[in-house]
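Engineer: Here you go, one structure.
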Amino acid sequence: MKPTGSIFVLSAPSGTGKSTLAKRLVAEMPGLIFSISCTTRAPRPGEVHGREYFFVDDATFDRMIAQGELLEWVKVYANRYGTGKAWLQEQLDQGVDVLLDIETVGAMNVKAALPEAVMIFLLPPSAQELARRLKGRGDTDEGQMVLRMAHARHEMEQYAHYDHLVVNDDLEGAYGRLKAIVEARRSERERMEATAQAILQSFEP
Ligand code: ADP
Ligand code: 5GP
């Protein structure tokens, strides 16, 4: 029997380095893919339906909620985002591990629905460094900074609900710790049972 895949949920205050680390993790770890959410927001230039998101209209999103097709969903500003159950289950059934890059409210709802999900929270090394990264990224002006930092402070408090905490101080170190969490999960005995049995079989005459 093929082992079923695992769900990893990665959350972080905006600017911490979540996209940087998540992209590298998915690129370098075979058998780990990004979850593809459904959203009502319009595609940005370069985004492709079925790659970054499944872009759906409001009526479709309403129907998905009504029919219980979403594992969780949230409204962020004017747009709605949600994780489709069927798509996710298909991946897990194939033994593929899925990384959910979602905000903290959705993350808590995933944990409630699927307690076996591996919850990872990424922390900036300090408020000062987070502010520096937000400035460095160039998409946050001085006026927005106070608001962004207040929001980050609020998001930081959510760390208490996660299984693993990774401080993104130096990028290589943080990446190594993140990778170790995925590898530790994959090494759990119940996930290694088939491999261990096959090795055991090789001892038979
Ligand atoms: P997020 O997805 O959490 O909003 P990004 O991945 O966009 O964050 O990273 C925010 C900024 O911080 C980017 O300019 C990125 O290059 C930088 N960054 C990420 N990790 C580190 C690190 N460990 N040290 C210094 N800068 C970093
Ligand atoms: P963006 O519009 O920049 O792609 O995403 C905006 C926010 O929505 C990000 O914080 C992202 O993590 C979050 N998000 C994307 N997909 C989902 C989802 O399926 N569920 C939840 N809860 N949040 C999501």
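Labels used: A, B, ... for chains in the order of the structure tokens, numbers from 1 for residues in each chain, and numbers from 1 for ligands as shown.
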List every residue of chain A that has an atom at most 6 Å from any atom of ligand 1, and for each one report the closest atom pair and its distance in Å to one decimal, counting only C-alpha atoms and all ligand atoms, with rows sorted by chain and then by increasing residue number, as CSV.
Structural biologist:
```
residue,atom,partner,partner_atom_place_in_ligand_line,distance
A:Ala12,CA,ligand 1,3 (O),5.9
A:Ser14,CA,ligand 1,4 (O),3.8
A:Gly15,CA,ligand 1,4 (O),3.5
A:Thr16,CA,ligand 1,3 (O),3.9
A:Gly17,CA,ligand 1,8 (O),3.3
A:Lys18,CA,ligand 1,3 (O),3.6
A:Ser19,CA,ligand 1,2 (O),3.6
A:Thr20,CA,ligand 1,6 (O),3.7
A:Arg133,CA,ligand 1,12 (O),4.4
A:Gly136,CA,ligand 1,14 (O),5.6
A:Arg137,CA,ligand 1,14 (O),4.3
A:Asn168,CA,ligand 1,23 (N),5.0
A:Asp169,CA,ligand 1,23 (N),4.8
A:Asp170,CA,ligand 1,23 (N),4.3
A:Leu171,CA,ligand 1,23 (N),3.6
```
Engineer: Could the residues that lie within 10 Å of ligand 2, counting only C-alpha atoms and all ligand atoms, be listed as a ChimeraX atom specification?
Structural biologist: /A:10-14,18-19,35-44,47,52-54,70-77,79-84,100-110
Engineer: Just the selected residues (N, CA and C atoms), exported as a short mmCIF file (atom, residue, chain, number, x, y, z; two decimals), in the first residue's frame, please.
Structural biologist:
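The resulting file, again.cif, is reproduced below:
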```cif
data_model
loop_
_atom_site.label_atom_id
_atom_site.label_comp_id
_atom_site.auth_asym_id
_atom_site.auth_seq_id
_atom_site.Cartn_x
_atom_site.Cartn_y
_atom_site.Cartn_z
N LEU A 10 2.54 26.31 6.47
CA LEU A 10 3.59 27.28 6.80
C LEU A 10 2.97 28.67 6.92
N SER A 11 3.13 29.28 8.08
CA SER A 11 2.61 30.64 8.29
C SER A 11 3.73 31.53 8.82
N ALA A 12 3.59 32.82 8.58
CA ALA A 12 4.58 33.79 9.06
C ALA A 12 4.04 35.20 8.89
N PRO A 13 4.46 36.13 9.76
CA PRO A 13 4.11 37.52 9.49
C PRO A 13 4.70 37.94 8.14
N SER A 14 3.96 38.73 7.38
CA SER A 14 4.41 39.16 6.06
C SER A 14 5.78 39.83 6.14
N LYS A 18 8.84 33.90 4.16
CA LYS A 18 8.09 32.67 3.92
C LYS A 18 8.13 32.25 2.45
N SER A 19 7.88 33.18 1.54
CA SER A 19 7.88 32.81 0.11
C SER A 19 9.25 32.34 -0.31
N SER A 35 0.24 23.66 -2.33
CA SER A 35 -1.20 23.54 -2.47
C SER A 35 -1.67 24.62 -3.44
N ILE A 36 -2.64 24.30 -4.25
CA ILE A 36 -3.21 25.30 -5.16
C ILE A 36 -4.60 25.65 -4.64
N SER A 37 -4.73 26.88 -4.12
CA SER A 37 -6.00 27.32 -3.55
C SER A 37 -6.94 27.82 -4.63
N CYS A 38 -8.20 27.98 -4.25
CA CYS A 38 -9.16 28.64 -5.11
C CYS A 38 -9.27 30.09 -4.63
N THR A 39 -9.40 31.01 -5.55
CA THR A 39 -9.58 32.41 -5.14
C THR A 39 -10.50 33.15 -6.10
N THR A 40 -11.18 34.18 -5.53
CA THR A 40 -12.02 35.01 -6.37
C THR A 40 -11.25 36.23 -6.89
N ARG A 41 -9.99 36.40 -6.44
CA ARG A 41 -9.27 37.58 -6.94
C ARG A 41 -8.82 37.34 -8.38
N ALA A 42 -8.58 38.45 -9.09
CA ALA A 42 -8.17 38.36 -10.49
C ALA A 42 -6.72 37.91 -10.57
N PRO A 43 -6.38 37.15 -11.61
CA PRO A 43 -4.98 36.75 -11.77
C PRO A 43 -4.08 37.97 -11.97
N ARG A 44 -2.89 37.94 -11.37
CA ARG A 44 -1.91 39.00 -11.63
C ARG A 44 -1.16 38.62 -12.90
N GLU A 47 0.35 35.07 -13.74
CA GLU A 47 -0.27 33.96 -12.99
C GLU A 47 -1.13 33.12 -13.93
N GLU A 52 -0.76 28.93 -9.97
CA GLU A 52 -0.72 29.70 -8.72
C GLU A 52 -2.02 29.50 -7.93
N TYR A 53 -3.13 29.57 -8.63
CA TYR A 53 -4.46 29.42 -8.02
C TYR A 53 -5.41 28.82 -9.04
N PHE A 54 -6.56 28.34 -8.54
CA PHE A 54 -7.71 28.12 -9.41
C PHE A 54 -8.53 29.41 -9.27
N LEU A 70 -14.87 23.06 0.42
CA LEU A 70 -13.64 23.70 0.89
C LEU A 70 -13.27 23.23 2.29
N LEU A 71 -12.01 22.92 2.47
CA LEU A 71 -11.50 22.51 3.77
C LEU A 71 -11.53 23.71 4.72
N GLU A 72 -11.19 24.87 4.18
CA GLU A 72 -11.23 26.13 4.92
C GLU A 72 -11.28 27.24 3.90
N TRP A 73 -11.78 28.40 4.32
CA TRP A 73 -11.72 29.56 3.43
C TRP A 73 -11.72 30.83 4.27
N VAL A 74 -11.17 31.88 3.70
CA VAL A 74 -11.16 33.18 4.39
C VAL A 74 -11.42 34.29 3.38
N LYS A 75 -11.80 35.45 3.93
CA LYS A 75 -11.94 36.64 3.10
C LYS A 75 -10.79 37.56 3.47
N VAL A 76 -9.98 37.93 2.50
CA VAL A 76 -8.89 38.87 2.73
C VAL A 76 -9.20 40.10 1.89
N TYR A 77 -9.47 41.23 2.56
CA TYR A 77 -9.95 42.43 1.89
C TYR A 77 -11.18 42.06 1.06
N ASN A 79 -11.35 39.87 -1.40
CA ASN A 79 -11.26 38.58 -2.09
C ASN A 79 -11.39 37.41 -1.13
N ARG A 80 -11.85 36.30 -1.69
CA ARG A 80 -11.94 35.07 -0.89
C ARG A 80 -10.94 34.04 -1.41
N TYR A 81 -10.41 33.29 -0.45
CA TYR A 81 -9.41 32.26 -0.76
C TYR A 81 -9.81 30.98 -0.02
N GLY A 82 -9.64 29.84 -0.65
CA GLY A 82 -9.98 28.59 0.05
C GLY A 82 -9.22 27.40 -0.49
N THR A 83 -9.10 26.40 0.38
CA THR A 83 -8.40 25.16 0.00
C THR A 83 -9.44 24.12 -0.38
N GLY A 84 -9.40 23.66 -1.61
CA GLY A 84 -10.36 22.65 -2.08
C GLY A 84 -10.03 21.27 -1.53
N LEU A 100 0.94 24.01 2.43
CA LEU A 100 -0.09 25.06 2.38
C LEU A 100 0.50 26.37 2.85
N ASP A 101 0.52 27.35 1.95
CA ASP A 101 1.03 28.68 2.27
C ASP A 101 -0.19 29.56 2.49
N ILE A 102 -0.74 29.51 3.72
CA ILE A 102 -1.98 30.25 3.97
C ILE A 102 -1.86 31.09 5.24
N GLU A 103 -2.75 32.09 5.36
CA GLU A 103 -2.64 32.97 6.53
C GLU A 103 -3.12 32.23 7.79
N THR A 104 -2.96 32.87 8.95
CA THR A 104 -3.09 32.15 10.22
C THR A 104 -4.52 31.68 10.55
N VAL A 105 -5.53 32.43 10.12
CA VAL A 105 -6.91 32.00 10.43
C VAL A 105 -7.23 30.70 9.69
N GLY A 106 -6.87 30.68 8.39
CA GLY A 106 -7.07 29.46 7.60
C GLY A 106 -6.26 28.30 8.16
N ALA A 107 -5.04 28.62 8.60
CA ALA A 107 -4.15 27.58 9.14
C ALA A 107 -4.79 26.91 10.35
N MET A 108 -5.40 27.71 11.22
CA MET A 108 -6.04 27.15 12.42
C MET A 108 -7.23 26.26 12.05
N ASN A 109 -7.93 26.64 10.99
CA ASN A 109 -9.07 25.84 10.54
C ASN A 109 -8.61 24.52 9.93
N VAL A 110 -7.45 24.53 9.28
CA VAL A 110 -6.89 23.28 8.74
C VAL A 110 -6.54 22.36 9.90
#
```
Engineer: Have a look at A:Leu88, A:Gly176, A:Ser187, A:Ala117 and name the one nearest to A:Glu28; count only C-alpha atoms.
Structural biologist: A:Gly176
Engineer: What does the distance between atom CA of A:Tyr175 and atom CA of A:Ala27 come to in Å, to one decimal place?
Structural biologist: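 One can read the atom CA of A:Tyr175 to atom CA of A:Ala27 distance as 12.3 Å.
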Engineer: Between A:His164, A:Arg185, A:Arg63, A:Arg132, which one has atoms that come closest to A:Met119, using only C-alpha atoms?
Structural biologist: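 Residue with the minimum atom-to-atom distance to A:Met119: A:His164.
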